[in-house]
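Asker: Handing over entry-v8.cif, mmCIF, C-alpha atoms.
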data_model
loop_
_atom_site.label_atom_id
_atom_site.label_comp_id
_atom_site.auth_asym_id
_atom_site.auth_seq_id
_atom_site.Cartn_x
_atom_site.Cartn_y
_atom_site.Cartn_z
CA ASN A 1 12.42 -1.92 1.71
CA ALA A 2 10.69 -1.74 -1.64
CA GLY A 3 7.20 -0.35 -1.80
CA VAL A 4 4.29 -1.65 -3.84
CA MET A 5 5.55 -2.36 -7.34
CA GLN A 6 3.30 -2.15 -10.36
CA ASN A 7 4.19 -2.95 -13.92
CA PRO A 8 4.06 -1.97 -16.58
CA ARG A 9 3.89 1.73 -15.86
CA HIS A 10 2.22 2.36 -19.19
CA LEU A 11 0.36 -0.17 -21.33
CA VAL A 12 -1.06 0.41 -24.78
CA ARG A 13 -3.52 -2.05 -26.26
CA ARG A 14 -5.75 -2.13 -29.30
CA ARG A 15 -9.43 -2.87 -28.93
CA GLY A 16 -10.04 -6.58 -28.48
CA GLN A 17 -6.62 -7.37 -27.05
CA GLU A 18 -5.90 -8.53 -23.51
CA ALA A 19 -4.30 -6.40 -20.81
CA ARG A 20 -2.40 -7.89 -17.86
CA LEU A 21 -1.47 -5.61 -14.99
CA ARG A 22 0.89 -6.83 -12.29
CA CYS A 23 1.23 -5.83 -8.67
CA SER A 24 3.80 -6.97 -6.14
CA PRO A 25 2.74 -5.96 -2.63
CA MET A 26 5.10 -4.69 -0.01
CA LYS A 27 7.11 -7.35 1.77
CA GLY A 28 5.05 -8.96 4.50
CA HIS A 29 1.73 -7.71 3.14
CA SER A 30 -0.90 -10.30 2.35
CA HIS A 31 -3.81 -8.06 1.33
CA VAL A 32 -4.04 -6.55 -2.15
CA TYR A 33 -6.57 -4.06 -3.49
CA TRP A 34 -7.13 -2.89 -7.06
CA TYR A 35 -8.60 0.50 -7.93
CA ARG A 36 -9.43 2.24 -11.20
CA GLN A 37 -9.23 5.97 -11.71
CA LEU A 38 -10.60 7.90 -14.65
CA PRO A 39 -9.25 11.40 -15.40
CA GLU A 40 -10.46 14.03 -12.93
CA GLU A 41 -12.29 11.40 -10.87
CA GLY A 42 -11.71 9.62 -7.59
CA LEU A 43 -10.52 6.07 -7.09
CA LYS A 44 -13.09 3.39 -7.70
CA PHE A 45 -12.65 0.16 -5.77
CA MET A 46 -12.56 -2.96 -7.91
CA VAL A 47 -11.42 -5.99 -5.93
CA TYR A 48 -9.82 -7.03 -2.64
CA LEU A 49 -7.73 -10.19 -2.43
CA GLN A 50 -5.75 -12.15 0.07
CA LYS A 51 -3.35 -14.89 -0.92
CA GLU A 52 -5.24 -17.30 -3.19
CA ASN A 53 -8.61 -15.83 -2.21
CA ILE A 54 -10.90 -13.14 -3.55
CA ILE A 55 -12.48 -11.45 -0.55
CA ASP A 56 -14.57 -8.77 -2.23
CA GLU A 57 -15.03 -8.24 -5.96
CA SER A 58 -18.10 -6.06 -5.71
CA GLY A 59 -16.47 -3.30 -7.76
CA MET A 60 -15.31 -5.49 -10.59
CA PRO A 61 -17.26 -5.54 -13.85
CA LYS A 62 -18.92 -8.94 -14.29
CA GLU A 63 -17.48 -9.54 -17.73
CA ARG A 64 -13.94 -9.37 -19.14
CA PHE A 65 -12.28 -8.50 -15.82
CA SER A 66 -10.62 -10.97 -13.46
CA ALA A 67 -8.07 -10.81 -10.69
CA GLU A 68 -5.87 -13.27 -8.88
CA PHE A 69 -3.29 -13.28 -6.13
CA PRO A 70 -1.50 -16.62 -6.25
CA LYS A 71 0.46 -18.18 -3.44
CA GLU A 72 3.66 -17.27 -5.25
CA GLY A 73 4.16 -14.24 -7.44
CA PRO A 74 2.39 -10.95 -8.00
CA SER A 75 -1.28 -10.17 -8.12
CA ILE A 76 -2.63 -9.96 -11.65
CA LEU A 77 -5.52 -7.86 -12.93
CA ARG A 78 -6.58 -9.21 -16.30
CA ILE A 79 -8.81 -7.40 -18.77
CA GLN A 80 -9.92 -9.40 -21.77
CA GLN A 81 -11.07 -7.89 -25.07
CA VAL A 82 -10.32 -4.37 -23.99
CA VAL A 83 -12.51 -1.47 -25.11
CA ARG A 84 -11.76 2.24 -25.20
CA GLY A 85 -13.74 2.72 -21.98
CA ASP A 86 -11.17 0.61 -20.14
CA SER A 87 -8.59 3.37 -20.61
CA ALA A 88 -7.74 4.54 -17.11
CA ALA A 89 -5.11 4.46 -14.40
CA TYR A 90 -5.18 1.24 -12.41
CA PHE A 91 -3.74 1.38 -8.92
CA CYS A 92 -2.82 -1.46 -6.64
CA ALA A 93 -2.50 -1.15 -2.88
CA SER A 94 -1.42 -3.53 -0.16
CA SER A 95 -1.84 -3.73 3.58
CA PRO A 96 -0.35 -5.90 6.29
CA LEU A 97 -1.99 -8.98 7.72
CA ASP A 98 -3.54 -7.13 10.62
CA ARG A 99 -4.49 -4.05 8.57
CA GLU A 100 -3.30 -1.70 11.31
CA GLY A 101 -6.33 0.51 11.11
CA GLU A 102 -6.94 1.12 7.43
CA LYS A 103 -3.53 2.16 6.18
CA LEU A 104 -2.98 1.25 2.55
CA PHE A 105 0.26 1.50 0.61
CA PHE A 106 -0.22 2.30 -3.06
CA GLY A 107 1.86 1.63 -6.11
CA SER A 108 2.50 4.20 -8.83
CA GLY A 109 -0.19 2.71 -11.03
CA THR A 110 -0.47 1.41 -14.57
CA GLN A 111 -1.83 3.78 -17.18
CA LEU A 112 -3.80 1.72 -19.68
CA SER A 113 -4.51 3.27 -23.05
CA VAL A 114 -6.80 1.48 -25.47
CA LEU A 115 -6.52 2.56 -29.09
CA LEU B 1 -25.31 6.68 0.21
CA ALA B 2 -21.88 8.33 0.42
CA LYS B 3 -19.93 7.55 3.56
CA THR B 4 -17.96 10.80 3.51
CA THR B 5 -18.52 14.32 2.22
CA GLN B 6 -15.72 16.75 1.45
CA PRO B 7 -15.49 20.05 -0.40
CA ILE B 8 -14.67 19.50 -4.05
CA SER B 9 -11.93 22.12 -4.09
CA MET B 10 -10.11 24.66 -1.93
CA ASP B 11 -7.62 27.43 -2.59
CA SER B 12 -4.99 28.90 -0.33
CA TYR B 13 -1.60 30.61 -0.37
CA GLU B 14 1.88 29.61 0.58
CA GLY B 15 2.59 29.87 4.29
CA GLN B 16 -1.05 29.64 5.32
CA GLU B 17 -2.65 26.96 7.44
CA VAL B 18 -5.22 24.91 5.53
CA ASN B 19 -8.05 23.01 7.14
CA ILE B 20 -10.08 20.47 5.16
CA THR B 21 -13.19 19.13 6.84
CA CYS B 22 -14.81 15.79 6.10
CA SER B 23 -18.31 14.81 7.20
CA HIS B 24 -19.05 11.20 8.10
CA ASN B 25 -22.39 11.18 9.86
CA ASN B 26 -22.79 7.40 9.72
CA ILE B 27 -19.42 6.50 11.19
CA ALA B 28 -19.47 3.20 13.09
CA THR B 29 -17.92 2.47 16.46
CA ASN B 30 -15.04 0.47 14.99
CA ASP B 31 -14.30 2.87 12.10
CA TYR B 32 -11.00 4.68 11.80
CA ILE B 33 -10.59 7.97 9.92
CA THR B 34 -7.75 8.06 7.43
CA TRP B 35 -6.52 10.77 5.08
CA TYR B 36 -4.56 10.27 1.87
CA GLN B 37 -2.83 12.66 -0.51
CA GLN B 38 -2.59 12.10 -4.26
CA PHE B 39 -0.44 13.91 -6.79
CA PRO B 40 -1.15 13.66 -10.54
CA SER B 41 -0.04 10.36 -12.07
CA GLN B 42 0.81 8.89 -8.67
CA GLY B 43 -0.91 6.57 -6.23
CA PRO B 44 -2.39 8.00 -3.04
CA ARG B 45 -0.07 8.37 -0.09
CA PHE B 46 -1.07 7.91 3.56
CA ILE B 47 -1.00 11.16 5.54
CA ILE B 48 -2.57 10.56 8.91
CA GLN B 49 -5.05 8.35 10.75
CA GLY B 50 -7.07 8.76 13.91
CA TYR B 51 -9.94 7.40 15.93
CA LYS B 52 -10.84 10.28 18.25
CA THR B 53 -9.56 13.61 19.64
CA LYS B 54 -6.36 14.84 18.04
CA VAL B 55 -3.50 13.18 16.23
CA THR B 56 -0.37 14.96 15.02
CA ASN B 57 2.58 13.80 12.96
CA GLU B 58 5.37 15.52 11.08
CA VAL B 59 3.09 16.30 8.13
CA ALA B 60 -0.33 17.20 9.50
CA SER B 61 -2.80 17.21 12.38
CA LEU B 62 -6.15 15.51 12.51
CA PHE B 63 -8.92 16.85 14.73
CA ILE B 64 -11.88 14.62 15.57
CA PRO B 65 -14.73 15.91 17.76
CA ALA B 66 -16.30 13.78 20.45
CA ASP B 67 -19.24 12.67 18.27
CA ARG B 68 -16.79 11.63 15.47
CA LYS B 69 -19.27 12.72 12.81
CA SER B 70 -16.65 14.89 11.17
CA SER B 71 -12.90 15.30 11.06
CA THR B 72 -10.57 18.11 10.02
CA LEU B 73 -7.21 17.67 8.37
CA SER B 74 -4.92 20.58 9.20
CA LEU B 75 -1.87 21.34 7.07
CA PRO B 76 0.40 23.94 8.69
CA ARG B 77 2.23 26.49 6.56
CA VAL B 78 1.44 24.99 3.16
CA SER B 79 3.75 25.26 0.18
CA LEU B 80 3.17 24.96 -3.55
CA SER B 81 4.06 21.27 -3.33
CA ASP B 82 1.00 20.64 -1.16
CA THR B 83 -1.19 21.13 -4.22
CA ALA B 84 -2.87 17.75 -4.53
CA VAL B 85 -6.11 15.86 -4.02
CA TYR B 86 -6.87 14.90 -0.42
CA TYR B 87 -9.12 11.96 0.39
CA CYS B 88 -10.90 11.22 3.65
CA LEU B 89 -11.75 7.57 4.32
CA VAL B 90 -13.82 5.94 7.04
CA GLU B 91 -13.63 2.16 7.37
CA GLY B 92 -13.64 -0.47 10.07
CA GLY B 93 -11.26 -3.05 8.67
CA GLY B 94 -13.87 -5.53 7.68
CA ALA B 95 -13.66 -7.92 4.74
CA ASP B 96 -14.46 -5.26 2.18
CA GLY B 97 -12.66 -2.77 0.02
CA LEU B 98 -11.97 0.78 1.06
CA THR B 99 -14.16 3.34 -0.63
CA PHE B 100 -12.60 6.59 -1.80
CA GLY B 101 -14.81 9.57 -2.58
CA LYS B 102 -13.83 12.24 -5.09
CA GLY B 103 -11.61 14.01 -2.58
CA THR B 104 -10.75 17.67 -2.17
CA HIS B 105 -8.60 19.30 -4.80
CA LEU B 106 -6.35 21.71 -2.88
CA ILE B 107 -4.63 24.41 -4.91
CA ILE B 108 -1.86 26.44 -3.30
CA GLN B 109 -0.88 29.70 -4.94
CA PRO B 110 2.29 31.78 -4.46
#
Output the file's structure as C-alpha cells, nothing else.
Answerer:
Amino acid sequence: NAGVMQNPRHLVRRRGQEARLRCSPMKGHSHVYWYRQLPEEGLKFMVYLQKENIIDESGMPKERFSAEFPKEGPSILRIQQVVRGDSAAYFCASSPLDREGEKLFFGSGTQLSVL
Amino acid sequence: LAKTTQPISMDSYEGQEVNITCSHNNIATNDYITWYQQFPSQGPRFIIQGYKTKVTNEVASLFIPADRKSSTLSLPRVSLSDTAVYYCLVEGGGADGLTFGKGTHLIIQP
C-alpha cells in the first residue's frame, strides 16, 4: 500500500528554466494538496485539486505557477521561468474522497534548488 | 487572523511527559482538531485527531475542553526521536486548503 509518491526528490534548475514536480496520491485518494516550505518556516498552502478540477488556488502565485490533476496520471505542479526565490521544499498531500475529518497523507517532498 | 496559536518552541528531557497547547478561539462547530509531526526533510505525519473531550492512540493523547477553544497534545515518556515540529490544525472539511501555522519546535535532550 504505497503512500504519497513525489518525484523527483531533488530538482536543480537554473534561473529561467521550468520546474515540473510530480505527485501520485495514495490509492483511492481523489484530493491533492500542494504546499511550499521555506527553511525554518511552516507549510504554506498553495493549491487544492480534485480530479480534473482546481478547487482552491488561493495560495498560488498568480504568475509562473500552475497545477493540474488529470483524470489519469499524477498531479503536476509547474513553475515556469524559475527564480532563486522559488527555492524551497514542495510537499504534496492527498486525502480520501470523504476527507475523514481532516487527515492528510504527505509525500516526502521535492527540494527545488534554483541556481 | 491566525486560526491557531502555538508556542514557537519547547524543551524537555527523555522520559518526561510533554504537553503542547494550541489555542483556537474561533473554532467552528464543524471543525476538527488535528495534530501533525514533521521531521527535517520529511513531509508532516498525522499524529492524532479529535473533536471533543479526549482521544488516545498508541502515540499520543489529545485533550479538548468543553468550549473547544484550545487543545493539548500530550506525548508520554518522550525520547530523543520525538524532536520535531508539531503542528495543530483546525478545519471543517470545506472546499479549501488546510492552513498550517509555524508549529511548535520540540527539542528533547538526553
Asker: Give me the result of the PyMOL selection byres ((chain B) within 12 of (chain A)) on this file, residue by residue, as a short mmCIF file (atom, residue, chain, number, x, y, z; two decimals) with C-alpha atoms, in the frame of the given file.
Answerer:
data_model
loop_
_atom_site.label_atom_id
_atom_site.label_comp_id
_atom_site.auth_asym_id
_atom_site.auth_seq_id
_atom_site.Cartn_x
_atom_site.Cartn_y
_atom_site.Cartn_z
CA ILE B 8 -14.67 19.50 -4.05
CA ASN B 30 -15.04 0.47 14.99
CA ASP B 31 -14.30 2.87 12.10
CA TYR B 32 -11.00 4.68 11.80
CA ILE B 33 -10.59 7.97 9.92
CA THR B 34 -7.75 8.06 7.43
CA TRP B 35 -6.52 10.77 5.08
CA TYR B 36 -4.56 10.27 1.87
CA GLN B 37 -2.83 12.66 -0.51
CA GLN B 38 -2.59 12.10 -4.26
CA PHE B 39 -0.44 13.91 -6.79
CA PRO B 40 -1.15 13.66 -10.54
CA SER B 41 -0.04 10.36 -12.07
CA GLN B 42 0.81 8.89 -8.67
CA GLY B 43 -0.91 6.57 -6.23
CA PRO B 44 -2.39 8.00 -3.04
CA ARG B 45 -0.07 8.37 -0.09
CA PHE B 46 -1.07 7.91 3.56
CA ILE B 47 -1.00 11.16 5.54
CA ILE B 48 -2.57 10.56 8.91
CA GLN B 49 -5.05 8.35 10.75
CA GLY B 50 -7.07 8.76 13.91
CA TYR B 51 -9.94 7.40 15.93
CA ALA B 84 -2.87 17.75 -4.53
CA VAL B 85 -6.11 15.86 -4.02
CA TYR B 86 -6.87 14.90 -0.42
CA TYR B 87 -9.12 11.96 0.39
CA CYS B 88 -10.90 11.22 3.65
CA LEU B 89 -11.75 7.57 4.32
CA VAL B 90 -13.82 5.94 7.04
CA GLU B 91 -13.63 2.16 7.37
CA GLY B 92 -13.64 -0.47 10.07
CA GLY B 93 -11.26 -3.05 8.67
CA GLY B 94 -13.87 -5.53 7.68
CA ALA B 95 -13.66 -7.92 4.74
CA ASP B 96 -14.46 -5.26 2.18
CA GLY B 97 -12.66 -2.77 0.02
CA LEU B 98 -11.97 0.78 1.06
CA THR B 99 -14.16 3.34 -0.63
CA PHE B 100 -12.60 6.59 -1.80
CA GLY B 101 -14.81 9.57 -2.58
CA LYS B 102 -13.83 12.24 -5.09
CA GLY B 103 -11.61 14.01 -2.58
CA THR B 104 -10.75 17.67 -2.17
CA HIS B 105 -8.60 19.30 -4.80
#
Asker: Using all atoms listed in the file, which of the listed residues (A:Gln50, A:Ser24, A:Asn7, A:Ser113) sits closest to Pro74 in chain A?
Answerer: A:Ser24
Asker: Report, in Å with one decimal, the straight-line distance from CA of Ala67 in chain A to CA of Val82 in chain A.
Answerer: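 About the pair CA of Ala67 in chain A and CA of Val82 in chain A: they are 14.9 Å apart.
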Asker: Please compute the CA of Pro110 in chain B-CA of Ser79 in chain B distance, one decimal, in Å.
Answerer: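 Straight-line distance from CA of Pro110 in chain B to CA of Ser79 in chain B works out to 8.1 Å.
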Asker: Using only C-alpha atoms for the distances, tell me which of A:Arg78, A:Glu72, A:Ser95, A:Gln6 is nearest to Met60 in chain A.
Answerer: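 Closest to Met60 in chain A of all the choices is A:Arg78.
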Asker: Counting all atoms listed in the file, which residues have an atom no more than 8 Å from (-3.8, -11.8, 1.2) in the file's coordinates? Please list them as a list in words.
Answerer: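 Those residues, ordered by chain and then number, are His29, Ser30, His31, Val32, Leu49, Gln50, Lys51, Glu52, Asn53, Phe69 and Leu97 of chain A.
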Asker: What is the CA of Ile79 in chain A-CA of Gly3 in chain A distance in Å, reported with one decimal?
Answerer: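 According to the coordinates, CA of Ile79 in chain A and CA of Gly3 in chain A are separated by 24.4 Å.
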Asker: Please expand the PyMOL selection byres ((chain A and resi 19) around 12) into the concrete residues it hits in this file, giving the result as an MDAnalysis selection string.
Answerer: chainID A and resid 7:8 10:18 20:22 64:67 76:83 86:87 90 110:114
Asker: Hey, can you pull every residue with an atom no more than 8 Å from (0.2, 31.3, -5.1), using only C-alpha atoms, and send it as a ChimeraX atom specification?
Answerer: /B:12-14,80,108-110
Asker: Which neighbours of Cys22 in chain B fall inside 6 Å, counting all atoms listed in the file, when residues of the same chain fewer than 3 positions from it are skipped, and could you give them as a PyMOL selection string?
Answerer: chain B and resi 5-6+70-71
Asker: May I have the residues within 10 Å of Ala2 in chain A as a list of chain:residue names, using only C-alpha atoms and disregarding those fewer than 6 positions away in the same chain?
Answerer: A:Ser24, A:Pro25, A:Met26, A:Lys27
Asker: Report the centre and edge lengths, in Å to one decimal, of an axis-aligned box enclosing every atom of range 6-22 of chain A listed in the file, padded by 4 Å on each side, as JSON.
Answerer:
{"center_x": -2.9, "center_y": -3.1, "center_z": -19.8, "size_x": 22.2, "size_y": 18.9, "size_z": 26.9}
Asker: Taking only C-alpha atoms into account, which of B:Ser74, B:Ser9, B:Asn19, B:Thr4 comes nearest Thr56 in chain B?
Answerer: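 Selected residue with least distance to Thr56 in chain B: B:Ser74.
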Asker: So what does the PyMOL selection byres ((chain B and resi 61) around 7) actually pick up in this one, as a list in words?
Answerer: Val55, Thr56, Asn57, Ala60, Leu62, Phe63, Leu73, Ser74 and Leu75 of chain B
Asker: Considering all atoms listed in the file, can you say which of B:Asn26, B:Thr83, B:Thr53, B:Thr21 comes closest to Pro65 in chain B?
Answerer: B:Thr53
Asker: Is there a way to complete range 5-30 of chain A with N, CA, C and O atoms and then write that out as a compact mmCIF listing (two decimals), in the frame of the given file?
Answerer:
# COMPACT_ATOMS: atom_id res chain seq x y z
N MET A 5 5.02 -2.48 -5.98
CA MET A 5 5.55 -2.36 -7.34
C MET A 5 4.48 -2.76 -8.34
O MET A 5 3.91 -3.85 -8.28
N GLN A 6 4.24 -1.86 -9.29
CA GLN A 6 3.30 -2.15 -10.36
C GLN A 6 4.02 -2.09 -11.70
O GLN A 6 4.83 -1.20 -11.93
N ASN A 7 3.67 -3.04 -12.56
CA ASN A 7 4.19 -2.95 -13.92
C ASN A 7 3.21 -3.57 -14.90
O ASN A 7 2.40 -4.41 -14.51
N PRO A 8 3.22 -3.08 -16.13
CA PRO A 8 4.06 -1.97 -16.58
C PRO A 8 3.54 -0.63 -16.09
O PRO A 8 2.42 -0.54 -15.58
N ARG A 9 4.31 0.39 -16.25
CA ARG A 9 3.89 1.73 -15.86
C ARG A 9 2.89 2.28 -16.87
O ARG A 9 1.94 2.97 -16.49
N HIS A 10 3.13 1.97 -18.11
CA HIS A 10 2.22 2.36 -19.19
C HIS A 10 1.97 1.15 -20.07
O HIS A 10 2.89 0.38 -20.35
N LEU A 11 0.73 0.97 -20.49
CA LEU A 11 0.36 -0.17 -21.33
C LEU A 11 -0.58 0.31 -22.41
O LEU A 11 -1.61 0.94 -22.11
N VAL A 12 -0.22 0.03 -23.65
CA VAL A 12 -1.06 0.41 -24.78
C VAL A 12 -1.59 -0.86 -25.43
O VAL A 12 -0.82 -1.77 -25.74
N ARG A 13 -2.89 -0.90 -25.63
CA ARG A 13 -3.52 -2.05 -26.26
C ARG A 13 -4.51 -1.56 -27.31
O ARG A 13 -5.08 -0.46 -27.19
N ARG A 14 -4.71 -2.40 -28.31
CA ARG A 14 -5.75 -2.13 -29.30
C ARG A 14 -7.04 -2.81 -28.84
O ARG A 14 -7.01 -3.80 -28.09
N ARG A 15 -8.14 -2.28 -29.29
CA ARG A 15 -9.43 -2.87 -28.93
C ARG A 15 -9.45 -4.36 -29.24
O ARG A 15 -8.99 -4.78 -30.30
N GLY A 16 -9.95 -5.14 -28.29
CA GLY A 16 -10.04 -6.58 -28.48
C GLY A 16 -8.86 -7.36 -27.92
O GLY A 16 -8.96 -8.59 -27.76
N GLN A 17 -7.77 -6.68 -27.62
CA GLN A 17 -6.62 -7.37 -27.05
C GLN A 17 -6.81 -7.57 -25.54
O GLN A 17 -7.75 -7.07 -24.93
N GLU A 18 -5.86 -8.30 -24.95
CA GLU A 18 -5.90 -8.53 -23.51
C GLU A 18 -4.87 -7.64 -22.81
O GLU A 18 -3.80 -7.39 -23.35
N ALA A 19 -5.23 -7.19 -21.62
CA ALA A 19 -4.30 -6.40 -20.81
C ALA A 19 -4.06 -7.15 -19.51
O ALA A 19 -5.00 -7.63 -18.86
N ARG A 20 -2.78 -7.26 -19.14
CA ARG A 20 -2.40 -7.89 -17.86
C ARG A 20 -1.61 -6.88 -17.05
O ARG A 20 -0.55 -6.44 -17.48
N LEU A 21 -2.10 -6.58 -15.87
CA LEU A 21 -1.47 -5.61 -14.99
C LEU A 21 -0.96 -6.37 -13.76
O LEU A 21 -1.70 -7.17 -13.19
N ARG A 22 0.27 -6.08 -13.38
CA ARG A 22 0.89 -6.83 -12.29
C ARG A 22 1.13 -5.94 -11.07
O ARG A 22 1.42 -4.75 -11.22
N CYS A 23 1.02 -6.56 -9.91
CA CYS A 23 1.23 -5.83 -8.67
C CYS A 23 1.94 -6.72 -7.66
O CYS A 23 1.43 -7.79 -7.32
N SER A 24 3.09 -6.27 -7.21
CA SER A 24 3.80 -6.97 -6.14
C SER A 24 3.63 -6.16 -4.87
O SER A 24 4.08 -5.00 -4.80
N PRO A 25 2.97 -6.72 -3.86
CA PRO A 25 2.74 -5.96 -2.63
C PRO A 25 4.03 -5.74 -1.86
O PRO A 25 5.07 -6.34 -2.17
N MET A 26 3.95 -4.90 -0.88
CA MET A 26 5.10 -4.69 -0.01
C MET A 26 5.42 -5.99 0.72
O MET A 26 4.53 -6.81 0.98
N LYS A 27 6.67 -6.15 1.08
CA LYS A 27 7.11 -7.35 1.77
C LYS A 27 6.33 -7.51 3.07
O LYS A 27 6.17 -6.57 3.85
N GLY A 28 5.80 -8.70 3.27
CA GLY A 28 5.05 -8.96 4.50
C GLY A 28 3.57 -8.64 4.41
O GLY A 28 2.81 -8.93 5.34
N HIS A 29 3.15 -8.04 3.31
CA HIS A 29 1.73 -7.71 3.14
C HIS A 29 1.01 -8.85 2.43
O HIS A 29 1.48 -9.37 1.42
N SER A 30 -0.16 -9.19 2.94
CA SER A 30 -0.90 -10.30 2.35
C SER A 30 -2.26 -9.88 1.82
O SER A 30 -3.04 -10.72 1.39
